[in-house]
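Asker: You'll find structure33.json just under this line, and it carries JSON, C-alpha atoms and all ligand atoms.
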[["chain", "number", "residue", "atom", "x", "y", "z"],
["A", 1, "MET", "CA", -5.22, 23.90, 55.40],
["A", 2, "PRO", "CA", -8.64, 22.92, 54.06],
["A", 3, "VAL", "CA", -9.71, 24.31, 50.71],
["A", 4, "GLU", "CA", -12.95, 26.25, 50.60],
["A", 5, "ILE", "CA", -14.67, 26.50, 47.23],
["A", 6, "THR", "CA", -17.43, 29.04, 46.72],
["A", 7, "ARG", "CA", -19.28, 30.53, 43.81],
["A", 8, "GLY", "CA", -18.01, 33.78, 42.41],
["A", 9, "ALA", "CA", -19.64, 36.51, 40.34],
["A", 10, "VAL", "CA", -18.83, 39.43, 38.10],
["A", 11, "ASP", "CA", -17.56, 41.45, 41.09],
["A", 12, "ASP", "CA", -14.79, 38.89, 41.60],
["A", 13, "ILE", "CA", -13.24, 39.45, 38.17],
["A", 14, "ASP", "CA", -10.55, 41.84, 39.44],
["A", 15, "ALA", "CA", -9.38, 39.28, 42.01],
["A", 16, "LEU", "CA", -8.72, 36.80, 39.20],
["A", 17, "GLU", "CA", -5.88, 38.79, 37.66],
["A", 18, "PRO", "CA", -2.96, 36.99, 39.41],
["A", 19, "LEU", "CA", -4.55, 33.62, 38.73],
["A", 20, "TRP", "CA", -5.01, 34.40, 35.05],
["A", 21, "VAL", "CA", -1.43, 35.69, 34.89],
["A", 22, "ALA", "CA", -0.37, 32.32, 36.36],
["A", 23, "VAL", "CA", -2.08, 30.62, 33.39],
["A", 24, "HIS", "CA", -0.21, 32.97, 31.04],
["A", 25, "HIS", "CA", 3.07, 32.02, 32.73],
["A", 26, "ALA", "CA", 2.19, 28.33, 32.38],
["A", 27, "HIS", "CA", 1.56, 28.88, 28.67],
["A", 28, "GLN", "CA", 4.97, 30.52, 28.22],
["A", 29, "ALA", "CA", 6.71, 27.76, 30.16],
["A", 30, "ALA", "CA", 4.92, 25.07, 28.17],
["A", 31, "MET", "CA", 5.71, 26.50, 24.74],
["A", 32, "PRO", "CA", 8.68, 28.92, 24.86],
["A", 33, "GLU", "CA", 9.14, 28.37, 21.12],
["A", 34, "LEU", "CA", 6.00, 30.46, 20.50],
["A", 35, "ALA", "CA", 7.56, 33.64, 22.00],
["A", 36, "PRO", "CA", 7.28, 36.60, 22.05],
["A", 37, "TYR", "CA", 4.37, 36.60, 24.49],
["A", 38, "VAL", "CA", 2.57, 39.70, 25.76],
["A", 39, "ASP", "CA", 3.56, 40.91, 29.22],
["A", 40, "ASP", "CA", 1.56, 40.32, 32.41],
["A", 41, "ALA", "CA", -0.27, 43.64, 32.26],
["A", 42, "GLU", "CA", -1.25, 43.18, 28.64],
["A", 43, "THR", "CA", -2.48, 39.61, 29.05],
["A", 44, "TRP", "CA", -4.94, 40.75, 31.70],
["A", 45, "ARG", "CA", -5.92, 43.90, 29.77],
["A", 46, "GLU", "CA", -6.77, 41.67, 26.79],
["A", 47, "HIS", "CA", -8.43, 38.87, 28.76],
["A", 48, "ARG", "CA", -10.51, 40.77, 31.32],
["A", 49, "PRO", "CA", -13.14, 42.05, 28.81],
["A", 50, "LEU", "CA", -13.85, 38.45, 27.82],
["A", 51, "TYR", "CA", -14.82, 37.64, 31.40],
["A", 52, "GLU", "CA", -17.01, 40.74, 31.57],
["A", 53, "SER", "CA", -18.82, 39.73, 28.40],
["A", 54, "LEU", "CA", -19.23, 36.13, 29.59],
["A", 55, "PHE", "CA", -20.95, 37.33, 32.74],
["A", 56, "GLU", "CA", -23.53, 39.00, 30.52],
["A", 57, "GLN", "CA", -24.48, 35.48, 29.35],
["A", 58, "PRO", "CA", -27.04, 33.64, 31.49],
["A", 59, "ASP", "CA", -25.25, 30.39, 32.30],
["A", 60, "THR", "CA", -21.73, 31.62, 33.01],
["A", 61, "PHE", "CA", -20.40, 30.38, 36.33],
["A", 62, "LEU", "CA", -17.30, 30.86, 38.44],
["A", 63, "PHE", "CA", -15.88, 28.78, 41.27],
["A", 64, "LEU", "CA", -13.27, 30.22, 43.61],
["A", 65, "ALA", "CA", -10.92, 28.12, 45.72],
["A", 66, "ARG", "CA", -9.53, 29.69, 48.88],
["A", 67, "ILE", "CA", -7.13, 28.49, 51.53],
["A", 68, "ASP", "CA", -7.16, 30.45, 54.75],
["A", 69, "GLY", "CA", -8.98, 33.24, 52.92],
["A", 70, "GLU", "CA", -6.41, 33.48, 50.12],
["A", 71, "LEU", "CA", -7.67, 32.99, 46.58],
["A", 72, "VAL", "CA", -5.58, 30.12, 45.17],
["A", 73, "GLY", "CA", -7.62, 28.82, 42.25],
["A", 74, "TYR", "CA", -10.63, 29.32, 40.02],
["A", 75, "ALA", "CA", -12.63, 27.75, 37.27],
["A", 76, "LEU", "CA", -14.85, 29.71, 34.90],
["A", 77, "GLY", "CA", -17.36, 28.02, 32.63],
["A", 78, "CYS", "CA", -19.90, 29.24, 30.13],
["A", 79, "VAL", "CA", -22.55, 27.92, 27.77],
["A", 80, "ALA", "CA", -23.25, 28.98, 24.19],
["A", 81, "PRO", "CA", -25.51, 27.84, 21.38],
["A", 82, "ALA", "CA", -23.76, 25.06, 19.48],
["A", 83, "ALA", "CA", -24.68, 26.79, 16.21],
["A", 84, "GLU", "CA", -22.36, 29.68, 17.15],
["A", 85, "GLY", "CA", -19.38, 27.43, 17.78],
["A", 86, "TRP", "CA", -17.02, 25.27, 15.75],
["A", 87, "ALA", "CA", -18.29, 21.78, 16.56],
["A", 88, "ALA", "CA", -21.86, 21.60, 15.26],
["A", 89, "ASP", "CA", -20.99, 21.44, 11.55],
["A", 90, "THR", "CA", -18.72, 18.47, 12.12],
["A", 91, "TRP", "CA", -19.82, 16.46, 15.13],
["A", 92, "ARG", "CA", -23.13, 15.37, 16.60],
["A", 93, "VAL", "CA", -23.70, 17.69, 19.54],
["A", 94, "GLY", "CA", -26.66, 19.09, 21.43],
["A", 95, "ASP", "CA", -28.09, 22.59, 21.02],
["A", 96, "GLN", "CA", -25.78, 24.00, 23.65],
["A", 97, "ILE", "CA", -22.06, 23.60, 24.17],
["A", 98, "GLY", "CA", -20.38, 24.21, 27.49],
["A", 99, "GLU", "CA", -16.86, 25.53, 27.68],
["A", 100, "LEU", "CA", -14.42, 25.42, 30.53],
["A", 101, "GLU", "CA", -13.00, 28.82, 29.71],
["A", 102, "SER", "CA", -10.36, 28.94, 32.46],
["A", 103, "LEU", "CA", -8.87, 26.75, 35.13],
["A", 104, "SER", "CA", -6.02, 27.92, 37.30],
["A", 105, "VAL", "CA", -4.36, 26.98, 40.56],
["A", 106, "LEU", "CA", -1.50, 29.13, 41.87],
["A", 107, "PRO", "CA", 1.90, 27.42, 41.47],
["A", 108, "GLY", "CA", 2.51, 26.79, 45.19],
["A", 109, "TYR", "CA", -0.79, 24.94, 45.53],
["A", 110, "ARG", "CA", -0.73, 22.62, 42.51],
["A", 111, "GLY", "CA", -0.75, 18.85, 42.75],
["A", 112, "ASP", "CA", -2.96, 18.77, 45.86],
["A", 113, "GLY", "CA", -6.27, 18.10, 44.19],
["A", 114, "ILE", "CA", -7.60, 21.68, 44.01],
["A", 115, "GLY", "CA", -7.81, 21.62, 40.21],
["A", 116, "SER", "CA", -9.63, 18.30, 40.35],
["A", 117, "ALA", "CA", -12.06, 19.60, 42.99],
["A", 118, "LEU", "CA", -12.81, 22.62, 40.79],
["A", 119, "LEU", "CA", -13.31, 20.34, 37.79],
["A", 120, "ASP", "CA", -15.75, 18.17, 39.77],
["A", 121, "LEU", "CA", -17.88, 21.25, 40.46],
["A", 122, "VAL", "CA", -17.63, 22.37, 36.84],
["A", 123, "GLU", "CA", -18.85, 18.97, 35.65],
["A", 124, "ASP", "CA", -21.73, 19.03, 38.18],
["A", 125, "GLU", "CA", -22.68, 22.52, 37.03],
["A", 126, "PHE", "CA", -22.79, 21.58, 33.35],
["A", 127, "ALA", "CA", -24.91, 18.54, 34.28],
["A", 128, "LYS", "CA", -27.33, 20.75, 36.24],
["A", 129, "LEU", "CA", -27.56, 23.09, 33.25],
["A", 130, "GLY", "CA", -28.40, 20.12, 31.03],
["A", 131, "VAL", "CA", -25.25, 20.60, 28.99],
["A", 132, "ASP", "CA", -23.84, 17.27, 27.83],
["A", 133, "ASP", "CA", -21.20, 18.53, 25.39],
["A", 134, "VAL", "CA", -18.22, 20.42, 26.74],
["A", 135, "VAL", "CA", -15.04, 21.82, 25.21],
["A", 136, "ILE", "CA", -11.80, 23.11, 26.72],
["A", 137, "GLY", "CA", -9.11, 25.08, 24.93],
["A", 138, "ALA", "CA", -5.51, 24.18, 25.78],
["A", 139, "LEU", "CA", -2.06, 24.83, 24.37],
["A", 140, "PRO", "CA", -0.81, 21.58, 22.80],
["A", 141, "GLY", "CA", 2.35, 21.86, 24.90],
["A", 142, "ASN", "CA", 0.41, 22.10, 28.18],
["A", 143, "ILE", "CA", 0.86, 18.38, 28.72],
["A", 144, "GLY", "CA", -0.05, 18.38, 32.42],
["A", 145, "ALA", "CA", -3.38, 20.10, 31.95],
["A", 146, "ILE", "CA", -4.20, 17.95, 28.91],
["A", 147, "LYS", "CA", -3.44, 14.83, 30.95],
["A", 148, "LEU", "CA", -5.83, 16.03, 33.63],
["A", 149, "TYR", "CA", -8.62, 16.59, 31.07],
["A", 150, "GLU", "CA", -7.97, 13.33, 29.21],
["A", 151, "ALA", "CA", -8.33, 11.44, 32.47],
["A", 152, "ARG", "CA", -11.91, 12.80, 32.52],
["A", 153, "GLY", "CA", -12.73, 11.66, 29.02],
["A", 154, "PHE", "CA", -11.85, 14.77, 27.01],
["A", 155, "LYS", "CA", -10.08, 14.14, 23.71],
["A", 156, "PRO", "CA", -7.91, 16.46, 21.59],
["A", 157, "THR", "CA", -10.34, 17.69, 18.95],
["A", 158, "TRP", "CA", -9.31, 20.85, 17.13],
["A", 159, "ILE", "CA", -6.01, 22.65, 16.72],
["A", 160, "TYR", "CA", -5.14, 26.14, 15.46],
["A", 161, "LEU", "CA", -1.83, 26.62, 13.72],
["A", 162, "SER", "CA", -0.27, 30.05, 13.78],
["A", 163, "ARG", "CA", 2.43, 31.93, 11.88],
["A", 164, "PHE", "CA", 2.98, 35.19, 13.73],
["A", 165, "ALA", "CA", 5.28, 37.81, 12.21],
["A", 166, "ALA", "CA", 6.72, 38.85, 15.60],
["A", 167, "ARG", "CA", 8.43, 35.49, 16.05],
["A", 168, "LYS", "CA", 12.17, 35.60, 15.46],
["A", 169, "ASP", "CA", 12.00, 32.60, 13.17],
["A", 170, "GLY", "CA", 9.22, 34.33, 11.23],
["A", 171, "GLY", "CA", 6.82, 31.51, 11.95],
["B", 1, "LIG", "C1", -3.92, 22.44, 35.45],
["B", 1, "LIG", "C2", -4.09, 22.82, 36.93],
["B", 1, "LIG", "C3", -5.29, 23.73, 37.09],
["B", 1, "LIG", "C4", -4.29, 21.56, 37.75],
["B", 1, "LIG", "O1", -4.52, 21.95, 39.08],
["B", 1, "LIG", "P1", -3.95, 21.06, 40.29],
["B", 1, "LIG", "O2", -4.56, 21.56, 41.53],
["B", 1, "LIG", "O3", -2.49, 21.00, 40.20],
["B", 1, "LIG", "O4", -4.56, 19.66, 39.87],
["B", 1, "LIG", "P2", -4.76, 18.36, 40.77],
["B", 1, "LIG", "O5", -3.79, 18.40, 41.91],
["B", 1, "LIG", "O6", -6.18, 18.20, 41.07],
["B", 1, "LIG", "O7", -4.40, 17.24, 39.74],
["B", 1, "LIG", "C5", -3.12, 17.11, 39.28],
["B", 1, "LIG", "C6", -3.26, 16.37, 37.98],
["B", 1, "LIG", "O8", -3.17, 17.31, 36.94],
["B", 1, "LIG", "C7", -2.26, 16.85, 35.98],
["B", 1, "LIG", "N1", -1.23, 17.86, 35.93],
["B", 1, "LIG", "C8", -1.46, 19.17, 36.01],
["B", 1, "LIG", "N2", -0.34, 19.86, 35.83],
["B", 1, "LIG", "C9", 0.63, 18.98, 35.64],
["B", 1, "LIG", "C10", 2.01, 19.09, 35.40],
["B", 1, "LIG", "N3", 2.63, 20.27, 35.30],
["B", 1, "LIG", "N4", 2.71, 17.97, 35.23],
["B", 1, "LIG", "C11", 2.11, 16.79, 35.31],
["B", 1, "LIG", "N5", 0.79, 16.63, 35.54],
["B", 1, "LIG", "C12", 0.06, 17.70, 35.72],
["B", 1, "LIG", "C13", -1.87, 15.47, 36.37],
["B", 1, "LIG", "O9", -2.73, 14.61, 35.65],
["B", 1, "LIG", "C14", -2.17, 15.40, 37.82],
["B", 1, "LIG", "O10", -2.66, 14.16, 38.18],
["B", 1, "LIG", "P3", -1.81, 13.22, 39.16],
["B", 1, "LIG", "O11", -1.62, 14.01, 40.42],
["B", 1, "LIG", "O12", -2.67, 12.03, 39.31],
["B", 1, "LIG", "O13", -0.53, 12.98, 38.42],
["B", 1, "LIG", "C15", -2.82, 23.55, 37.46],
["B", 1, "LIG", "O14", -1.69, 22.74, 37.21],
["B", 1, "LIG", "C16", -2.58, 24.90, 36.83],
["B", 1, "LIG", "O15", -3.12, 25.91, 37.27],
["B", 1, "LIG", "N6", -1.73, 24.95, 35.80],
["B", 1, "LIG", "C17", -1.38, 26.20, 35.16],
["B", 1, "LIG", "C18", -2.54, 26.81, 34.42],
["B", 1, "LIG", "C19", -3.10, 25.86, 33.38],
["B", 1, "LIG", "O16", -2.36, 25.22, 32.65],
["B", 1, "LIG", "N7", -4.43, 25.83, 33.32],
["B", 1, "LIG", "C20", -5.12, 25.04, 32.36],
["B", 1, "LIG", "C21", -5.16, 25.78, 31.08],
["B", 1, "LIG", "S1", -5.93, 24.80, 29.82]]
Since I need it in another form, could you write the structure as structure tokens?
Answerer:
Amino acid sequence: MPVEITRGAVDDIDALEPLWVAVHHAHQAAMPELAPYVDDAETWREHRPLYESLFEQPDTFLFLARIDGELVGYALGCVAPAAEGWAADTWRVGDQIGELESLSVLPGYRGDGIGSALLDLVEDEFAKLGVDDVVIGALPGNIGAIKLYEARGFKPTWIYLSRFAARKDGG
């Protein structure tokens, strides 16, 4: 089945829930040692407002991948002033930084190039917006996704460490 990729908008946010939950599942599978994780309902309840706020920004964009009408993947990107982010006080960057906020392909459709096709469009879009500096957040254990990004020239750049009280080992 051919993949159809179209632009999405704020009205498509609700349709993204299962695809975001698939990212949450990938995170848990990649780093089970960081449990406990929030449940599927809570991850979307916490994440959805971020998408709503991003669509209030001018350069936010969304690409939707469908096969036979079924939504199977998406990529959401946004642009923010570099001065508001974490890179400008350390690295030489332009005035604006792009971020690939989310990339997801449903499990049954991975490995067929849909993620790469979405990334191609994301890169074109940042280029059209004149954004030369782009960041992507990833769990350090999400080796597959990191490999995909590294193949496009992205390099591990910044890492958060966490010690969350809810963890059984206290760390
Ligand atoms: C990351 C993701 C979007 C890639 O989509 P995809 O359609 O499978 O990607 P493609 O088929 O275009 O490319 C696959 C490439 O991704 C990498 N990759 C992605 N997941 C991988 C995995 N679990 N194991 C190994 N490589 C993986 C490989 O580099 C692979 O390249 P190869 O086929 O040459 O080996 C998809 O795996 C996904 O949705 N994962 C769960 C959510 C996620 O982790 N999102 C990114 C959060 S930062």
Asker: Find the residue from A:Trp44, A:Trp91, A:Tyr51, A:Tyr149 that sits nearest to ligand LIG 1 (chain B); use only C-alpha atoms and all ligand atoms when measuring.
Answerer: A:Tyr149
Asker: What would the list of residues within 12 Å of (-11.4, 39.7, 29.9) (file frame) look like as a list in words, if all atoms listed in the file are what count?
Answerer: Val10, Ile13, Asp14, Leu16, Glu17, Trp20, Val21, Glu42, Thr43, Trp44, Arg45, Glu46, His47, Arg48, Pro49, Leu50, Tyr51, Glu52, Ser53, Leu54, Phe55, Leu76, Glu101 and Ser102 of chain A
Asker: List the neighbours of Gly153 of chain A out to 12 Å using only C-alpha atoms; skip same-chain residues closer than 5 positions along the sequence, and give me the result as a list in words.
Answerer: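 The filter keeps Glu123, Asp133, Val134, Val135, Ile136, Ile146, Lys147 and Leu148 of chain A.
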Asker: Take atom CA of Arg167 of chain A and atom CA of Tyr37 of chain A and report the distance between them in Å, one decimal.
Answerer: 9.4 Å
Asker: Around ligand LIG 1 (chain B), which protein and nucleic acid residues have at least one atom no more than 6 Å from it, if we count all atoms listed in the file? List them as an MDAnalysis selection string.
Answerer: chainID A and resid 23 26 103:106 110:116 137:138 144:145 147:148
Asker: Keeping only C-alpha atoms, write the selected residues as a PDB file, in the coordinates of the input.
Answerer:
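Ended up saving to result-v8.pdb:
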ATOM      1  CA  VAL A  23      -2.080  30.620  33.390  1.00  0.00           C
ATOM      2  CA  ALA A  26       2.190  28.330  32.380  1.00  0.00           C
ATOM      3  CA  LEU A 103      -8.870  26.750  35.130  1.00  0.00           C
ATOM      4  CA  SER A 104      -6.020  27.920  37.300  1.00  0.00           C
ATOM      5  CA  VAL A 105      -4.360  26.980  40.560  1.00  0.00           C
ATOM      6  CA  LEU A 106      -1.500  29.130  41.870  1.00  0.00           C
ATOM      7  CA  ARG A 110      -0.730  22.620  42.510  1.00  0.00           C
ATOM      8  CA  GLY A 111      -0.750  18.850  42.750  1.00  0.00           C
ATOM      9  CA  ASP A 112      -2.960  18.770  45.860  1.00  0.00           C
ATOM     10  CA  GLY A 113      -6.270  18.100  44.190  1.00  0.00           C
ATOM     11  CA  ILE A 114      -7.600  21.680  44.010  1.00  0.00           C
ATOM     12  CA  GLY A 115      -7.810  21.620  40.210  1.00  0.00           C
ATOM     13  CA  SER A 116      -9.630  18.300  40.350  1.00  0.00           C
ATOM     14  CA  GLY A 137      -9.110  25.080  24.930  1.00  0.00           C
ATOM     15  CA  ALA A 138      -5.510  24.180  25.780  1.00  0.00           C
ATOM     16  CA  GLY A 144      -0.050  18.380  32.420  1.00  0.00           C
ATOM     17  CA  ALA A 145      -3.380  20.100  31.950  1.00  0.00           C
ATOM     18  CA  LYS A 147      -3.440  14.830  30.950  1.00  0.00           C
ATOM     19  CA  LEU A 148      -5.830  16.030  33.630  1.00  0.00           C
TER      20      LEU A 148
END
Asker: Rank A:Gly108, A:Ala29, A:Val122, A:Arg92 by their smallest atom-to-atom distance to Leu62 of chain A, using all atoms listed in the file, and report the top residue only.
Answerer: A:Val122
Asker: Tell me which of A:Gln96, A:Cys78, A:Pro140, A:Ala41 sits closest to Leu161 of chain A, counting only C-alpha atoms.
Answerer: A:Pro140
Asker: With all atoms listed in the file as the atoms that count, which of A:Ala65, A:Ile97, A:Ala166, A:Ala35 lies nearest to Ala82 of chain A?
Answerer: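 Checking each candidate against Ala82 of chain A, we get A:Ile97 as the closest.
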Asker: Got a sec to check which residues sit within 12 Å of (-7.7, 34.0, 52.0), counting all atoms listed in the file, and write them as a PDB file with C-alpha atoms, in the frame of the given file?
Answerer:
ATOM      1  CA  MET A   1      -5.220  23.900  55.400  1.00  0.00           C
ATOM      2  CA  PRO A   2      -8.640  22.920  54.060  1.00  0.00           C
ATOM      3  CA  VAL A   3      -9.710  24.310  50.710  1.00  0.00           C
ATOM      4  CA  GLU A   4     -12.950  26.250  50.600  1.00  0.00           C
ATOM      5  CA  ILE A   5     -14.670  26.500  47.230  1.00  0.00           C
ATOM      6  CA  ALA A  15      -9.380  39.280  42.010  1.00  0.00           C
ATOM      7  CA  LEU A  64     -13.270  30.220  43.610  1.00  0.00           C
ATOM      8  CA  ALA A  65     -10.920  28.120  45.720  1.00  0.00           C
ATOM      9  CA  ARG A  66      -9.530  29.690  48.880  1.00  0.00           C
ATOM     10  CA  ILE A  67      -7.130  28.490  51.530  1.00  0.00           C
ATOM     11  CA  ASP A  68      -7.160  30.450  54.750  1.00  0.00           C
ATOM     12  CA  GLY A  69      -8.980  33.240  52.920  1.00  0.00           C
ATOM     13  CA  GLU A  70      -6.410  33.480  50.120  1.00  0.00           C
ATOM     14  CA  LEU A  71      -7.670  32.990  46.580  1.00  0.00           C
ATOM     15  CA  VAL A  72      -5.580  30.120  45.170  1.00  0.00           C
ATOM     16  CA  GLY A  73      -7.620  28.820  42.250  1.00  0.00           C
TER      17      GLY A  73
END
Asker: I'd like the interatomic distance between atom CA of Pro58 of chain A and atom CA of Pro81 of chain A, to a tenth of an Å.
Answerer: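 Atom CA of Pro81 of chain A lies 11.8 Å from atom CA of Pro58 of chain A.
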Asker: Just how far from atom CA of Gln57 of chain A is atom CA of Glu125 of chain A, in Å to one decimal?
Answerer: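 Calculated distance between atom CA of Glu125 of chain A and atom CA of Gln57 of chain A is 15.2 Å.
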Asker: Save all heavy atoms of segment 123-132 of chain A from the block above as a PDB file, in the first residue's frame.
Answerer:
ATOM      1  N   GLU A 123      12.913  18.065   7.198  1.00  0.00           N
ATOM      2  CA  GLU A 123      14.147  18.790   6.843  1.00  0.00           C
ATOM      3  C   GLU A 123      13.865  19.839   5.772  1.00  0.00           C
ATOM      4  O   GLU A 123      14.383  20.956   5.826  1.00  0.00           O
ATOM      5  CB  GLU A 123      15.213  17.789   6.405  1.00  0.00           C
ATOM      6  CG  GLU A 123      15.532  16.809   7.540  1.00  0.00           C
ATOM      7  CD  GLU A 123      16.986  16.381   7.555  1.00  0.00           C
ATOM      8  OE1 GLU A 123      17.847  17.226   7.308  1.00  0.00           O
ATOM      9  OE2 GLU A 123      17.232  15.196   7.834  1.00  0.00           O
ATOM     10  N   ASP A 124      13.032  19.490   4.774  1.00  0.00           N
ATOM     11  CA  ASP A 124      12.650  20.467   3.737  1.00  0.00           C
ATOM     12  C   ASP A 124      11.935  21.661   4.362  1.00  0.00           C
ATOM     13  O   ASP A 124      12.153  22.808   3.968  1.00  0.00           O
ATOM     14  CB  ASP A 124      11.704  19.831   2.706  1.00  0.00           C
ATOM     15  CG  ASP A 124      12.423  18.844   1.808  1.00  0.00           C
ATOM     16  OD1 ASP A 124      13.670  18.788   1.873  1.00  0.00           O
ATOM     17  OD2 ASP A 124      11.738  18.123   1.056  1.00  0.00           O
ATOM     18  N   GLU A 125      11.069  21.368   5.313  1.00  0.00           N
ATOM     19  CA  GLU A 125      10.271  22.438   5.926  1.00  0.00           C
ATOM     20  C   GLU A 125      11.169  23.401   6.717  1.00  0.00           C
ATOM     21  O   GLU A 125      11.036  24.619   6.587  1.00  0.00           O
ATOM     22  CB  GLU A 125       9.209  21.819   6.837  1.00  0.00           C
ATOM     23  CG  GLU A 125       8.214  22.812   7.398  1.00  0.00           C
ATOM     24  CD  GLU A 125       7.246  23.365   6.360  1.00  0.00           C
ATOM     25  OE1 GLU A 125       7.215  22.855   5.221  1.00  0.00           O
ATOM     26  OE2 GLU A 125       6.542  24.332   6.694  1.00  0.00           O
ATOM     27  N   PHE A 126      12.101  22.848   7.493  1.00  0.00           N
ATOM     28  CA  PHE A 126      13.013  23.736   8.219  1.00  0.00           C
ATOM     29  C   PHE A 126      13.830  24.577   7.232  1.00  0.00           C
ATOM     30  O   PHE A 126      14.053  25.768   7.455  1.00  0.00           O
ATOM     31  CB  PHE A 126      13.932  22.948   9.149  1.00  0.00           C
ATOM     32  CG  PHE A 126      13.273  22.505  10.433  1.00  0.00           C
ATOM     33  CD1 PHE A 126      13.357  21.190  10.864  1.00  0.00           C
ATOM     34  CD2 PHE A 126      12.575  23.418  11.218  1.00  0.00           C
ATOM     35  CE1 PHE A 126      12.748  20.783  12.051  1.00  0.00           C
ATOM     36  CE2 PHE A 126      11.962  23.028  12.405  1.00  0.00           C
ATOM     37  CZ  PHE A 126      12.050  21.701  12.814  1.00  0.00           C
ATOM     38  N   ALA A 127      14.239  23.958   6.126  1.00  0.00           N
ATOM     39  CA  ALA A 127      15.017  24.708   5.124  1.00  0.00           C
ATOM     40  C   ALA A 127      14.164  25.851   4.552  1.00  0.00           C
ATOM     41  O   ALA A 127      14.634  26.987   4.416  1.00  0.00           O
ATOM     42  CB  ALA A 127      15.484  23.773   4.020  1.00  0.00           C
ATOM     43  N   LYS A 128      12.906  25.552   4.236  1.00  0.00           N
ATOM     44  CA  LYS A 128      12.018  26.600   3.697  1.00  0.00           C
ATOM     45  C   LYS A 128      11.815  27.734   4.694  1.00  0.00           C
ATOM     46  O   LYS A 128      11.650  28.893   4.324  1.00  0.00           O
ATOM     47  CB  LYS A 128      10.633  25.997   3.377  1.00  0.00           C
ATOM     48  CG  LYS A 128      10.551  25.344   2.023  1.00  0.00           C
ATOM     49  CD  LYS A 128       9.122  24.891   1.768  1.00  0.00           C
ATOM     50  CE  LYS A 128       9.118  23.607   0.972  1.00  0.00           C
ATOM     51  NZ  LYS A 128       7.954  22.770   1.173  1.00  0.00           N
ATOM     52  N   LEU A 129      11.803  27.381   5.981  1.00  0.00           N
ATOM     53  CA  LEU A 129      11.613  28.391   7.030  1.00  0.00           C
ATOM     54  C   LEU A 129      12.907  29.147   7.324  1.00  0.00           C
ATOM     55  O   LEU A 129      12.926  30.059   8.152  1.00  0.00           O
ATOM     56  CB  LEU A 129      11.102  27.721   8.314  1.00  0.00           C
ATOM     57  CG  LEU A 129       9.674  27.155   8.254  1.00  0.00           C
ATOM     58  CD1 LEU A 129       9.405  26.243   9.448  1.00  0.00           C
ATOM     59  CD2 LEU A 129       8.650  28.296   8.223  1.00  0.00           C
ATOM     60  N   GLY A 130      13.995  28.730   6.676  1.00  0.00           N
ATOM     61  CA  GLY A 130      15.279  29.399   6.898  1.00  0.00           C
ATOM     62  C   GLY A 130      15.922  29.018   8.220  1.00  0.00           C
ATOM     63  O   GLY A 130      16.745  29.762   8.749  1.00  0.00           O
ATOM     64  N   VAL A 131      15.532  27.863   8.739  1.00  0.00           N
ATOM     65  CA  VAL A 131      16.065  27.405  10.022  1.00  0.00           C
ATOM     66  C   VAL A 131      17.181  26.396   9.748  1.00  0.00           C
ATOM     67  O   VAL A 131      16.951  25.326   9.197  1.00  0.00           O
ATOM     68  CB  VAL A 131      14.935  26.759  10.857  1.00  0.00           C
ATOM     69  CG1 VAL A 131      15.494  26.129  12.119  1.00  0.00           C
ATOM     70  CG2 VAL A 131      13.882  27.793  11.193  1.00  0.00           C
ATOM     71  N   ASP A 132      18.388  26.762  10.143  1.00  0.00           N
ATOM     72  CA  ASP A 132      19.554  25.916   9.854  1.00  0.00           C
ATOM     73  C   ASP A 132      19.969  25.060  11.046  1.00  0.00           C
ATOM     74  O   ASP A 132      20.808  24.172  10.908  1.00  0.00           O
ATOM     75  CB  ASP A 132      20.761  26.798   9.483  1.00  0.00           C
ATOM     76  CG  ASP A 132      20.476  27.622   8.243  1.00  0.00           C
ATOM     77  OD1 ASP A 132      19.820  27.098   7.338  1.00  0.00           O
ATOM     78  OD2 ASP A 132      20.891  28.803   8.209  1.00  0.00           O
TER      79      ASP A 132
END
